[in-house]
$ cat data-v1.csv   # CSV, C-alpha atoms and all ligand atoms
chain,number,residue,atom,x,y,z
A,1,MET,CA,26.0,13.9,-48.7
A,2,ASP,CA,26.9,17.0,-50.6
A,3,GLN,CA,27.9,19.1,-47.6
A,4,ASP,CA,31.0,18.4,-45.4
A,5,VAL,CA,30.3,17.1,-42.0
A,6,LEU,CA,32.6,18.3,-39.2
A,7,ILE,CA,32.6,16.4,-35.9
A,8,LEU,CA,34.4,17.2,-32.7
A,9,GLY,CA,35.4,13.9,-31.1
A,10,ILE,CA,36.0,13.9,-27.3
A,11,GLU,CA,37.7,11.0,-25.4
A,12,THR,CA,38.3,11.0,-21.6
A,13,SER,CA,37.6,7.4,-20.6
A,14,CYS,CA,40.9,6.6,-19.0
A,15,ASP,CA,44.2,8.6,-18.8
A,16,GLU,CA,44.2,10.6,-22.0
A,17,THR,CA,42.3,13.9,-22.4
A,18,ALA,CA,41.8,13.9,-26.1
A,19,ALA,CA,39.9,16.0,-28.7
A,20,ALA,CA,40.0,16.0,-32.5
A,21,VAL,CA,38.1,17.5,-35.4
A,22,VAL,CA,37.2,14.9,-38.1
A,23,LYS,CA,35.8,15.8,-41.6
A,24,ASN,CA,33.4,13.4,-43.3
A,25,GLY,CA,34.4,10.5,-41.0
A,26,ARG,CA,37.7,9.9,-42.7
A,27,GLU,CA,39.8,13.1,-42.7
A,28,VAL,CA,41.7,14.3,-39.6
A,29,LEU,CA,41.8,18.1,-39.2
A,30,SER,CA,43.3,17.9,-35.8
A,31,ASN,CA,44.3,15.4,-33.1
A,32,VAL,CA,45.2,16.7,-29.6
A,33,ILE,CA,46.1,14.2,-26.9
A,34,ASP,CA,47.1,15.3,-23.4
A,35,SER,CA,48.4,12.1,-21.8
A,36,GLN,CA,48.6,11.7,-18.0
A,37,ILE,CA,50.9,8.7,-18.3
A,38,GLU,CA,53.8,10.3,-16.5
A,39,LEU,CA,51.6,11.3,-13.6
A,40,HIS,CA,50.2,7.7,-13.1
A,41,THR,CA,53.6,6.2,-13.6
A,42,LEU,CA,54.4,7.4,-10.1
A,43,TYR,CA,51.8,5.0,-8.8
A,44,GLY,CA,52.4,2.1,-11.1
A,45,GLY,CA,49.0,2.4,-12.8
A,46,VAL,CA,46.0,4.7,-13.4
A,47,VAL,CA,44.6,6.3,-10.2
A,48,PRO,CA,40.9,7.1,-11.1
A,49,GLU,CA,40.5,10.1,-8.8
A,50,ILE,CA,43.7,11.7,-10.2
A,51,ALA,CA,42.6,10.9,-13.7
A,52,SER,CA,39.2,12.7,-13.2
A,53,ARG,CA,40.9,15.8,-11.7
A,54,LYS,CA,43.4,16.0,-14.5
A,55,HIS,CA,40.7,15.7,-17.2
A,56,THR,CA,38.7,18.5,-15.5
A,57,GLU,CA,41.8,20.7,-15.6
A,58,LYS,CA,42.7,19.9,-19.2
A,59,ILE,CA,39.4,19.4,-21.1
A,60,ASN,CA,38.7,23.0,-22.2
A,61,VAL,CA,42.4,23.5,-23.2
A,62,VAL,CA,42.5,20.4,-25.3
A,63,ILE,CA,39.1,21.2,-27.0
A,64,LYS,CA,40.3,24.7,-27.8
A,65,GLU,CA,43.6,23.5,-29.2
A,66,ALA,CA,41.8,20.9,-31.4
A,67,LEU,CA,39.5,23.6,-32.8
A,68,ALA,CA,42.5,26.0,-33.4
A,69,LYS,CA,44.6,23.4,-35.1
A,70,ALA,CA,41.7,22.4,-37.4
A,71,ASP,CA,41.2,26.2,-38.0
A,72,VAL,CA,37.5,26.0,-37.2
A,73,THR,CA,35.2,27.4,-34.4
A,74,LEU,CA,32.4,25.8,-32.5
A,75,ASP,CA,30.0,27.4,-35.0
A,76,ASP,CA,31.5,25.3,-37.8
A,77,LEU,CA,30.7,22.0,-36.1
A,78,ASP,CA,27.8,19.7,-37.2
A,79,ALA,CA,27.9,17.6,-34.0
A,80,ILE,CA,29.9,16.5,-31.0
A,81,ALA,CA,30.8,12.9,-30.5
A,82,VAL,CA,31.9,11.8,-27.0
A,83,THR,CA,32.9,8.5,-25.4
A,84,TYR,CA,30.3,7.7,-22.7
A,85,GLY,CA,31.5,4.2,-21.8
A,86,PRO,CA,33.0,1.9,-20.9
A,87,GLY,CA,35.7,3.4,-18.8
A,88,LEU,CA,36.3,5.1,-15.4
A,89,VAL,CA,33.1,6.8,-14.4
A,90,GLY,CA,34.6,10.0,-13.1
A,91,ALA,CA,36.9,10.3,-16.1
A,92,LEU,CA,34.0,9.7,-18.6
A,93,LEU,CA,31.8,12.3,-16.9
A,94,VAL,CA,34.3,15.1,-17.7
A,95,GLY,CA,34.1,14.4,-21.4
A,96,VAL,CA,30.4,13.8,-21.4
A,97,GLY,CA,29.8,17.0,-19.4
A,98,ALA,CA,31.9,19.1,-21.7
A,99,ALA,CA,30.2,17.7,-24.8
A,100,LYS,CA,26.7,18.3,-23.4
A,101,ALA,CA,27.5,21.9,-22.4
A,102,ILE,CA,28.8,22.8,-25.8
A,103,CYS,CA,26.0,21.1,-27.6
A,104,TYR,CA,23.4,22.9,-25.4
A,105,ALA,CA,25.1,26.3,-25.9
A,106,LYS,CA,25.5,25.9,-29.7
A,107,ASN,CA,22.3,23.9,-30.2
A,108,ILE,CA,24.1,21.1,-32.1
A,109,PRO,CA,23.5,17.4,-32.0
A,110,LEU,CA,25.2,15.2,-29.3
A,111,VAL,CA,26.3,11.7,-30.3
A,112,GLY,CA,27.4,9.3,-27.5
A,113,VAL,CA,30.0,6.8,-28.7
A,114,HIS,CA,31.1,3.4,-27.3
A,115,HIS,CA,34.9,3.4,-26.6
A,116,ILE,CA,35.5,0.1,-28.4
A,117,GLU,CA,33.5,1.3,-31.5
A,118,GLY,CA,36.0,4.2,-31.5
A,119,HIS,CA,39.0,1.8,-31.5
A,120,ILE,CA,37.4,-0.3,-34.3
A,121,SER,CA,36.8,2.9,-36.3
A,122,ALA,CA,40.4,4.2,-36.1
A,123,ALA,CA,41.4,2.0,-39.1
A,124,TYR,CA,39.1,3.9,-41.4
A,125,VAL,CA,41.2,7.1,-41.3
A,126,GLU,CA,44.4,5.9,-43.1
A,127,HIS,CA,42.7,3.2,-45.2
A,128,LYS,CA,40.1,4.9,-47.3
A,129,GLU,CA,39.3,1.7,-49.1
A,130,LEU,CA,38.3,-0.1,-45.9
A,131,GLU,CA,34.6,-0.9,-45.6
A,132,PRO,CA,32.7,-3.4,-43.5
A,133,PRO,CA,32.4,-6.3,-43.2
A,134,PHE,CA,35.6,-7.2,-41.4
A,135,VAL,CA,36.8,-8.9,-38.3
A,136,CYS,CA,38.4,-6.6,-35.8
A,137,MET,CA,40.8,-7.6,-33.0
A,138,VAL,CA,40.5,-4.9,-30.3
A,139,ALA,CA,43.2,-5.3,-27.7
A,140,SER,CA,43.8,-2.6,-25.1
A,141,GLY,CA,44.4,-2.0,-21.4
A,142,GLY,CA,40.8,-2.7,-20.6
A,143,HIS,CA,39.6,-4.9,-23.4
A,144,SER,CA,40.4,-7.9,-25.6
A,145,HIS,CA,37.5,-8.3,-28.0
A,146,LEU,CA,37.1,-10.1,-31.3
A,147,VAL,CA,34.4,-8.3,-33.1
A,148,ILE,CA,32.7,-8.7,-36.5
A,149,CYS,CA,31.9,-5.3,-37.9
A,150,LYS,CA,29.0,-6.2,-40.2
A,151,ASP,CA,28.2,-2.7,-41.3
A,152,TYR,CA,28.9,0.8,-40.1
A,153,GLY,CA,27.9,0.8,-36.4
A,154,GLU,CA,26.8,-2.8,-36.5
A,155,TYR,CA,28.8,-5.2,-34.4
A,156,GLU,CA,28.8,-8.7,-33.1
A,157,VAL,CA,31.2,-9.5,-30.3
A,158,ILE,CA,32.3,-13.2,-30.9
A,159,GLY,CA,35.2,-13.4,-28.4
A,160,ARG,CA,36.3,-11.6,-25.3
A,161,THR,CA,38.7,-12.1,-22.5
A,162,LEU,CA,37.5,-14.1,-19.5
A,163,ASP,CA,39.9,-12.4,-17.1
A,164,ASP,CA,42.8,-10.0,-17.9
A,165,ALA,CA,42.8,-7.9,-21.0
A,166,ALA,CA,45.9,-8.3,-23.2
A,167,GLY,CA,47.2,-4.8,-22.4
A,168,GLU,CA,46.7,-5.5,-18.7
A,169,ALA,CA,48.8,-8.6,-19.0
A,170,PHE,CA,51.5,-6.6,-20.7
A,171,ASP,CA,51.3,-4.0,-17.9
A,172,LYS,CA,51.5,-6.6,-15.1
A,173,VAL,CA,54.4,-8.5,-16.6
A,174,ALA,CA,56.3,-5.3,-17.2
A,175,ARG,CA,55.9,-4.4,-13.6
A,176,ALA,CA,57.1,-7.8,-12.5
A,177,ILE,CA,60.3,-7.5,-14.6
A,178,GLY,CA,60.9,-3.9,-13.4
A,179,LEU,CA,59.9,-2.0,-16.5
A,180,GLY,CA,57.2,0.2,-15.0
A,181,TYR,CA,53.9,1.6,-16.4
A,182,PRO,CA,52.7,1.5,-19.1
A,183,GLY,CA,54.2,-1.9,-19.8
A,184,GLY,CA,53.2,-2.5,-23.4
A,185,PRO,CA,55.6,-0.3,-25.2
A,186,LYS,CA,58.4,-1.2,-22.8
A,187,VAL,CA,57.9,-4.9,-23.2
A,188,ASP,CA,57.7,-4.4,-27.0
A,189,LYS,CA,61.1,-2.6,-27.0
A,190,LEU,CA,62.9,-5.0,-24.6
A,191,ALA,CA,61.5,-8.1,-26.5
A,192,LYS,CA,63.5,-7.1,-29.6
A,193,GLU,CA,66.6,-8.0,-27.7
A,194,GLY,CA,65.3,-11.4,-26.4
A,195,ASN,CA,64.5,-14.8,-27.8
A,196,PRO,CA,60.8,-15.5,-28.2
A,197,GLU,CA,61.4,-19.2,-27.9
A,198,ALA,CA,63.6,-19.1,-24.8
A,199,ILE,CA,60.8,-19.9,-22.4
A,200,ALA,CA,57.7,-22.0,-23.3
A,201,PHE,CA,54.9,-20.0,-21.7
A,202,PRO,CA,51.3,-21.4,-22.2
A,203,ARG,CA,49.0,-20.4,-25.0
A,204,ALA,CA,45.6,-20.5,-23.2
A,205,LYS,CA,42.6,-22.2,-24.8
A,206,VAL,CA,39.2,-21.6,-23.4
A,207,ASP,CA,37.0,-24.7,-23.2
A,208,GLY,CA,34.0,-24.5,-25.4
A,209,SER,CA,34.8,-21.1,-26.9
A,210,VAL,CA,37.3,-20.9,-29.7
A,211,TYR,CA,37.3,-17.1,-29.9
A,212,ASP,CA,37.5,-16.2,-26.2
A,213,PHE,CA,40.8,-15.3,-24.5
A,214,SER,CA,42.3,-15.8,-21.1
A,215,PHE,CA,45.6,-14.2,-20.1
A,216,SER,CA,45.7,-14.6,-16.4
A,217,GLY,CA,47.2,-18.1,-16.6
A,218,LEU,CA,50.0,-16.7,-18.8
A,219,LYS,CA,50.6,-13.9,-16.4
A,220,SER,CA,50.8,-16.4,-13.5
A,221,ALA,CA,53.2,-18.6,-15.5
A,222,VAL,CA,55.5,-15.6,-15.9
A,223,LEU,CA,55.4,-14.7,-12.2
A,224,ASN,CA,56.0,-18.4,-11.3
A,225,TYR,CA,59.0,-18.5,-13.6
A,226,LEU,CA,60.5,-15.3,-12.0
A,227,ASN,CA,59.9,-16.7,-8.5
A,228,GLN,CA,61.5,-20.0,-9.4
A,229,CYS,CA,64.6,-18.2,-10.8
A,230,GLU,CA,64.8,-16.2,-7.7
A,231,MET,CA,64.6,-19.3,-5.4
A,232,LYS,CA,67.2,-21.1,-7.4
A,233,GLY,CA,69.4,-18.0,-7.4
A,234,GLU,CA,69.4,-17.9,-11.2
A,235,GLU,CA,69.8,-14.6,-13.0
A,236,VAL,CA,66.7,-13.7,-15.1
A,237,ASN,CA,67.2,-12.7,-18.7
A,238,THR,CA,64.4,-10.1,-18.8
A,239,ALA,CA,64.6,-9.7,-22.5
A,240,ASP,CA,63.9,-13.4,-23.0
A,241,VAL,CA,61.0,-13.2,-20.6
A,242,ALA,CA,59.6,-10.2,-22.4
A,243,ALA,CA,60.0,-11.8,-25.8
A,244,SER,CA,58.6,-15.2,-24.8
A,245,PHE,CA,55.6,-13.6,-23.0
A,246,GLN,CA,54.9,-11.4,-25.9
A,247,ALA,CA,55.1,-14.3,-28.3
A,248,ALA,CA,52.5,-16.2,-26.2
A,249,VAL,CA,50.1,-13.3,-26.3
A,250,VAL,CA,50.6,-12.6,-30.0
A,251,ASP,CA,50.2,-16.3,-31.0
A,252,VAL,CA,46.8,-16.4,-29.3
A,253,LEU,CA,45.6,-13.1,-30.7
A,254,VAL,CA,46.7,-14.0,-34.2
A,255,ASP,CA,45.3,-17.5,-34.1
A,256,HIS,CA,41.9,-16.4,-32.9
A,257,THR,CA,41.6,-13.6,-35.3
A,258,VAL,CA,42.6,-15.6,-38.4
A,259,ARG,CA,40.3,-18.5,-37.4
A,260,ALA,CA,37.4,-16.1,-36.9
A,261,ALA,CA,37.9,-14.6,-40.4
A,262,LYS,CA,38.2,-18.0,-42.0
A,263,ASP,CA,35.2,-19.5,-40.1
A,264,LYS,CA,32.9,-16.5,-40.9
A,265,GLY,CA,34.0,-16.3,-44.5
A,266,ILE,CA,35.2,-12.7,-44.1
A,267,ASP,CA,38.3,-11.6,-46.1
A,268,THR,CA,39.4,-8.5,-44.2
A,269,VAL,CA,41.0,-8.2,-40.8
A,270,THR,CA,41.7,-5.0,-38.8
A,271,LEU,CA,43.4,-4.2,-35.5
A,272,GLY,CA,42.6,-1.6,-32.9
A,273,GLY,CA,43.4,-0.6,-29.3
A,274,GLY,CA,46.7,0.1,-27.6
A,275,VAL,CA,48.1,-3.4,-28.0
A,276,ALA,CA,47.5,-3.1,-31.8
A,277,SER,CA,50.6,-0.9,-31.9
A,278,ASN,CA,52.7,-3.9,-30.7
A,279,SER,CA,55.4,-4.5,-33.3
A,280,ALA,CA,55.4,-8.3,-33.0
A,281,LEU,CA,51.6,-8.5,-33.2
A,282,ARG,CA,51.6,-6.4,-36.4
A,283,GLU,CA,54.4,-8.5,-37.9
A,284,GLN,CA,52.9,-11.9,-37.1
A,285,MET,CA,49.4,-10.8,-38.1
A,286,LYS,CA,50.8,-9.6,-41.5
A,287,ILE,CA,52.6,-12.9,-42.1
A,288,ARG,CA,49.5,-15.0,-41.2
A,289,CYS,CA,47.0,-12.9,-43.1
A,290,LYS,CA,49.2,-12.9,-46.2
A,291,SER,CA,49.5,-16.7,-46.1
A,292,GLU,CA,45.7,-17.1,-45.6
A,293,GLY,CA,44.8,-14.6,-48.3
A,294,LEU,CA,43.3,-12.1,-45.9
A,295,LYS,CA,43.5,-8.3,-46.2
A,296,LEU,CA,44.9,-6.6,-43.1
A,297,TYR,CA,44.5,-3.0,-42.0
A,298,TYR,CA,45.8,-1.4,-38.8
A,299,PRO,CA,46.1,2.3,-37.7
A,300,SER,CA,49.3,4.1,-36.9
A,301,PRO,CA,50.3,3.7,-33.3
A,302,VAL,CA,49.0,7.2,-32.4
A,303,LEU,CA,45.6,6.1,-33.5
A,304,CYS,CA,45.8,2.7,-31.7
A,305,THR,CA,46.0,4.2,-28.2
A,306,ASP,CA,43.2,6.4,-26.9
A,307,ASN,CA,42.5,9.5,-29.0
A,308,GLY,CA,39.7,11.8,-30.1
A,309,VAL,CA,39.9,11.0,-33.8
A,310,MET,CA,38.5,7.5,-33.4
A,311,ILE,CA,35.6,8.9,-31.5
A,312,GLY,CA,35.0,11.5,-34.2
A,313,VAL,CA,35.1,8.8,-36.9
A,314,ALA,CA,32.7,6.4,-35.0
A,315,GLY,CA,30.5,9.4,-34.2
A,316,TYR,CA,30.3,10.4,-37.9
A,317,TYR,CA,28.9,7.0,-38.9
A,318,GLU,CA,26.4,7.1,-36.0
A,319,TYR,CA,25.5,10.7,-36.9
A,320,ILE,CA,24.7,10.0,-40.5
A,321,LYS,CA,22.6,7.0,-39.4
A,322,GLY,CA,20.6,9.5,-37.3
A,323,VAL,CA,21.8,8.6,-33.8
A,324,ARG,CA,21.3,11.5,-31.4
A,325,HIS,CA,21.6,11.6,-27.6
A,326,GLY,CA,19.7,13.9,-25.2
A,327,TYR,CA,21.1,16.0,-22.4
A,328,ASP,CA,20.4,13.2,-20.0
A,329,LEU,CA,23.3,11.2,-21.5
A,330,ASN,CA,25.2,9.7,-18.7
A,331,ALA,CA,28.6,8.0,-18.3
A,332,VAL,CA,28.1,4.2,-18.4
A,333,PRO,CA,31.3,2.5,-17.0
A,334,ASN,CA,30.3,-1.0,-18.1
A,335,LEU,CA,28.6,-0.1,-21.4
A,336,LYS,CA,28.2,-3.1,-23.7
A,337,LEU,CA,29.0,-2.8,-27.4
A,338,GLY,CA,25.7,-2.4,-29.4
A,339,GLU,CA,23.8,-0.9,-26.5
A,340,ARG,CA,22.4,2.6,-26.7
B,401,LIG,O1,43.7,1.6,-26.0
B,401,LIG,P1,44.5,2.1,-24.9
B,401,LIG,O2,45.3,3.4,-25.0
B,401,LIG,O3,43.6,2.3,-23.6
B,401,LIG,C1,42.6,1.4,-23.2
B,401,LIG,O4,41.5,1.6,-23.8
B,401,LIG,O5,42.8,0.6,-22.4
B,401,LIG,O6,45.5,0.9,-24.5
B,401,LIG,C2,46.5,1.0,-23.5
B,401,LIG,C3,47.1,-0.3,-23.4
B,401,LIG,C4,48.1,-0.4,-22.2
B,401,LIG,O7,47.8,-1.6,-21.5
B,401,LIG,C5,49.4,-0.5,-22.9
B,401,LIG,O8,50.4,-1.2,-22.1
B,401,LIG,C6,49.1,-1.2,-24.2
B,401,LIG,O9,47.8,-0.7,-24.6
B,401,LIG,N1,50.1,-0.9,-25.2
B,401,LIG,C7,50.9,-1.9,-25.8
B,401,LIG,C8,51.7,-1.2,-26.7
B,401,LIG,N2,51.4,0.1,-26.7
B,401,LIG,C9,50.4,0.3,-25.8
B,401,LIG,N3,50.9,-3.2,-25.6
B,401,LIG,C10,51.8,-3.9,-26.3
B,401,LIG,N4,52.7,-3.4,-27.1
B,401,LIG,C11,52.7,-2.0,-27.4
B,401,LIG,N5,53.6,-1.5,-28.2
B,402,ZN,ZN,41.1,2.5,-25.4
$ encode --input "data-v1.csv" --output "structure tokens"
Amino acid sequence: MDQDVLILGIETSCDETAAAVVKNGREVLSNVIDSQIELHTLYGGVVPEIASRKHTEKINVVIKEALAKADVTLDDLDAIAVTYGPGLVGALLVGVGAAKAICYAKNIPLVGVHHIEGHISAAYVEHKELEPPFVCMVASGGHSHLVICKDYGEYEVIGRTLDDAAGEAFDKVARAIGLGYPGGPKVDKLAKEGNPEAIAFPRAKVDGSVYDFSFSGLKSAVLNYLNQCEMKGEEVNTADVAASFQAAVVDVLVDHTVRAAKDKGIDTVTLGGGVASNSALREQMKIRCKSEGLKLYYPSPVLCTDNGVMIGVAGYYEYIKGVRHGYDLNAVPNLKLGER
């Protein structure tokens, strides 16, 4: 393509109001994220109704700021990409509504993007050499998916969680040891002071499916351990609990990912989603991929958690393939990857 393609990416599926301008799918011109985390911390988790209201309040401000930081106007945009699922329906609707309104007013194409496709696409930004095929481990608060990216926009989900997502397990364990929401970064920090081998928490295997995950048994094992300590009047070493729990999650995520790459004969592994910013996961994955001769790419932490850049990148690849959505685009809370 001889002309630059500028895409505004909008993301409002959970508790971040985010917008970004992305050039030619790989260059970030701006990345504005208004996080509601502090607000939801008061309630120990995301309150959907509050999230929607906050998105409504912030969406225009965030979009304006993204355009200003990129030094462009709405007239410079080639298309708008927006997350339309999966996520909280009221939250998604705010982004989808804003995107449709601008596309209609400016007569530019609208491209709906799957949230997980966004997380998968985040790795393209800082690794210009990265191209499909690769195996991507997407682990966030709502999802734990093992995906083969066969080509741009072409995915096969080969593993998923049967119960809790990895990030959800981090959040629940964090709450149980008194760390508060969001748990992932807090467990990550505390785990650095603990011994990952102190407590032998289970590494769950799912019968008949080598790539699927299950984290609810691990979460229960941690809660049982805490209860038992309380009953026996023993003091809990929370750093050891954090480190041992984290090691159990990381072991399973790394094992499944490396196994998938080897089984499928794919030499490249990527990470995405909030949990991909976990320092132990990044470290272990690096060690295992190196010893197995696999290339590994992961985004900076700011591009692992929800952001508009990843939607702009995914939207670019959909846009150049000719994907367009109509003004009847709706929020789809349980959208499956690969569906349109
Ligand atoms: O991708 P994301 O921002 O939102 C969803 O799509 O869900 O992921 C948020 C999740 C939360 O569960 C959070 O606790 C987790 O990612 N997370 C982490 C870390 N940073 C964020 N989990 C483990 N270690 C981290 N450093
Ligand atoms: Zn996400």
$ closest_residue --input "data-v1.csv" --among "A:Val113, A:Ile50, A:Leu6, A:Val125" --to "A:Leu74" --atoms "all atoms listed in the file"
A:Leu6
$ atom_distance --input "data-v1.csv" --atom1 "atom CA of A:Gly118" --atom2 "atom CA of A:Gly274"
12.1 Å
$ atom_distance --input "data-v1.csv" --atom1 "atom CA of A:Val28" --atom2 "atom CA of A:Glu126"
9.5 Å
$ closest_atom_pairs --input "data-v1.csv" --of "chain A" --to "ligand ZN 402 (chain B)" --cutoff "10 Å" --atoms "only C-alpha atoms and all ligand atoms" --output "JSON lines"
{"residue": "A:Glu11", "atom": "CA", "partner": "B:ZN402", "partner_atom": "ZN", "distance": 9.2}
{"residue": "A:Thr12", "atom": "CA", "partner": "B:ZN402", "partner_atom": "ZN", "distance": 9.7}
{"residue": "A:Ser13", "atom": "CA", "partner": "B:ZN402", "partner_atom": "ZN", "distance": 7.7}
{"residue": "A:Cys14", "atom": "CA", "partner": "B:ZN402", "partner_atom": "ZN", "distance": 7.6}
{"residue": "A:Asp15", "atom": "CA", "partner": "B:ZN402", "partner_atom": "ZN", "distance": 9.5}
{"residue": "A:Glu16", "atom": "CA", "partner": "B:ZN402", "partner_atom": "ZN", "distance": 9.3}
{"residue": "A:Pro86", "atom": "CA", "partner": "B:ZN402", "partner_atom": "ZN", "distance": 9.3}
{"residue": "A:Gly87", "atom": "CA", "partner": "B:ZN402", "partner_atom": "ZN", "distance": 8.6}
{"residue": "A:His115", "atom": "CA", "partner": "B:ZN402", "partner_atom": "ZN", "distance": 6.4}
{"residue": "A:Ile116", "atom": "CA", "partner": "B:ZN402", "partner_atom": "ZN", "distance": 6.8}
{"residue": "A:Glu117", "atom": "CA", "partner": "B:ZN402", "partner_atom": "ZN", "distance": 9.8}
{"residue": "A:Gly118", "atom": "CA", "partner": "B:ZN402", "partner_atom": "ZN", "distance": 8.1}
{"residue": "A:His119", "atom": "CA", "partner": "B:ZN402", "partner_atom": "ZN", "distance": 6.5}
{"residue": "A:Val138", "atom": "CA", "partner": "B:ZN402", "partner_atom": "ZN", "distance": 8.9}
{"residue": "A:Ala139", "atom": "CA", "partner": "B:ZN402", "partner_atom": "ZN", "distance": 8.4}
{"residue": "A:Ser140", "atom": "CA", "partner": "B:ZN402", "partner_atom": "ZN", "distance": 5.8}
{"residue": "A:Gly141", "atom": "CA", "partner": "B:ZN402", "partner_atom": "ZN", "distance": 6.9}
{"residue": "A:Gly142", "atom": "CA", "partner": "B:ZN402", "partner_atom": "ZN", "distance": 7.1}
{"residue": "A:His143", "atom": "CA", "partner": "B:ZN402", "partner_atom": "ZN", "distance": 7.8}
{"residue": "A:Gly167", "atom": "CA", "partner": "B:ZN402", "partner_atom": "ZN", "distance": 10.0}
{"residue": "A:Gly272", "atom": "CA", "partner": "B:ZN402", "partner_atom": "ZN", "distance": 8.7}
{"residue": "A:Gly273", "atom": "CA", "partner": "B:ZN402", "partner_atom": "ZN", "distance": 5.5}
{"residue": "A:Gly274", "atom": "CA", "partner": "B:ZN402", "partner_atom": "ZN", "distance": 6.5}
{"residue": "A:Val275", "atom": "CA", "partner": "B:ZN402", "partner_atom": "ZN", "distance": 9.5}
{"residue": "A:Leu303", "atom": "CA", "partner": "B:ZN402", "partner_atom": "ZN", "distance": 9.9}
{"residue": "A:Cys304", "atom": "CA", "partner": "B:ZN402", "partner_atom": "ZN", "distance": 7.9}
{"residue": "A:Thr305", "atom": "CA", "partner": "B:ZN402", "partner_atom": "ZN", "distance": 5.9}
{"residue": "A:Asp306", "atom": "CA", "partner": "B:ZN402", "partner_atom": "ZN", "distance": 4.7}
{"residue": "A:Asn307", "atom": "CA", "partner": "B:ZN402", "partner_atom": "ZN", "distance": 8.0}
{"residue": "A:Met310", "atom": "CA", "partner": "B:ZN402", "partner_atom": "ZN", "distance": 9.8}
$ closest_residue --input "data-v1.csv" --among "A:Phe245, A:Tyr225, A:Tyr43, A:Phe201" --to "ligand LIG 401 (chain B)" --atoms "all atoms listed in the file"
A:Phe245
$ build_atoms --input "data-v1.csv" --residues "stretch 79-90 of chain A" --atoms "N, CA, C and O atoms" --output "PDB file, in the frame of the given file"
ATOM      1  N   ALA A  79      28.282  18.382 -35.205  1.00  0.00           N
ATOM      2  CA  ALA A  79      27.900  17.600 -34.000  1.00  0.00           C
ATOM      3  C   ALA A  79      29.116  17.363 -33.151  1.00  0.00           C
ATOM      4  O   ALA A  79      30.254  17.584 -33.581  1.00  0.00           O
ATOM      5  N   ILE A  80      28.841  16.918 -31.924  1.00  0.00           N
ATOM      6  CA  ILE A  80      29.900  16.500 -31.000  1.00  0.00           C
ATOM      7  C   ILE A  80      29.740  15.058 -30.675  1.00  0.00           C
ATOM      8  O   ILE A  80      28.628  14.631 -30.313  1.00  0.00           O
ATOM      9  N   ALA A  81      30.807  14.291 -30.833  1.00  0.00           N
ATOM     10  CA  ALA A  81      30.800  12.900 -30.500  1.00  0.00           C
ATOM     11  C   ALA A  81      31.631  12.711 -29.213  1.00  0.00           C
ATOM     12  O   ALA A  81      32.722  13.266 -29.131  1.00  0.00           O
ATOM     13  N   VAL A  82      31.132  11.948 -28.254  1.00  0.00           N
ATOM     14  CA  VAL A  82      31.900  11.800 -27.000  1.00  0.00           C
ATOM     15  C   VAL A  82      31.787  10.349 -26.498  1.00  0.00           C
ATOM     16  O   VAL A  82      30.739   9.719 -26.606  1.00  0.00           O
ATOM     17  N   THR A  83      32.890   9.857 -25.969  1.00  0.00           N
ATOM     18  CA  THR A  83      32.900   8.500 -25.400  1.00  0.00           C
ATOM     19  C   THR A  83      32.054   8.586 -24.072  1.00  0.00           C
ATOM     20  O   THR A  83      32.339   9.406 -23.200  1.00  0.00           O
ATOM     21  N   TYR A  84      31.023   7.706 -23.966  1.00  0.00           N
ATOM     22  CA  TYR A  84      30.300   7.700 -22.700  1.00  0.00           C
ATOM     23  C   TYR A  84      30.374   6.358 -21.984  1.00  0.00           C
ATOM     24  O   TYR A  84      29.738   6.127 -20.962  1.00  0.00           O
ATOM     25  N   GLY A  85      31.209   5.454 -22.499  1.00  0.00           N
ATOM     26  CA  GLY A  85      31.500   4.200 -21.800  1.00  0.00           C
ATOM     27  C   GLY A  85      32.109   3.226 -22.785  1.00  0.00           C
ATOM     28  O   GLY A  85      32.112   3.489 -23.986  1.00  0.00           O
ATOM     29  N   PRO A  86      32.692   2.134 -22.333  1.00  0.00           N
ATOM     30  CA  PRO A  86      33.000   1.900 -20.900  1.00  0.00           C
ATOM     31  C   PRO A  86      34.270   2.648 -20.534  1.00  0.00           C
ATOM     32  O   PRO A  86      34.980   3.176 -21.390  1.00  0.00           O
ATOM     33  N   GLY A  87      34.537   2.687 -19.240  1.00  0.00           N
ATOM     34  CA  GLY A  87      35.700   3.400 -18.800  1.00  0.00           C
ATOM     35  C   GLY A  87      35.526   3.774 -17.297  1.00  0.00           C
ATOM     36  O   GLY A  87      34.610   3.298 -16.629  1.00  0.00           O
ATOM     37  N   LEU A  88      36.387   4.647 -16.817  1.00  0.00           N
ATOM     38  CA  LEU A  88      36.300   5.100 -15.400  1.00  0.00           C
ATOM     39  C   LEU A  88      35.210   6.167 -15.339  1.00  0.00           C
ATOM     40  O   LEU A  88      35.229   7.134 -16.107  1.00  0.00           O
ATOM     41  N   VAL A  89      34.273   5.955 -14.420  1.00  0.00           N
ATOM     42  CA  VAL A  89      33.100   6.800 -14.400  1.00  0.00           C
ATOM     43  C   VAL A  89      33.417   8.294 -14.251  1.00  0.00           C
ATOM     44  O   VAL A  89      32.895   9.154 -14.981  1.00  0.00           O
ATOM     45  N   GLY A  90      34.302   8.612 -13.308  1.00  0.00           N
ATOM     46  CA  GLY A  90      34.600  10.000 -13.100  1.00  0.00           C
ATOM     47  C   GLY A  90      35.346  10.636 -14.257  1.00  0.00           C
ATOM     48  O   GLY A  90      35.168  11.823 -14.564  1.00  0.00           O
TER      49      GLY A  90
END
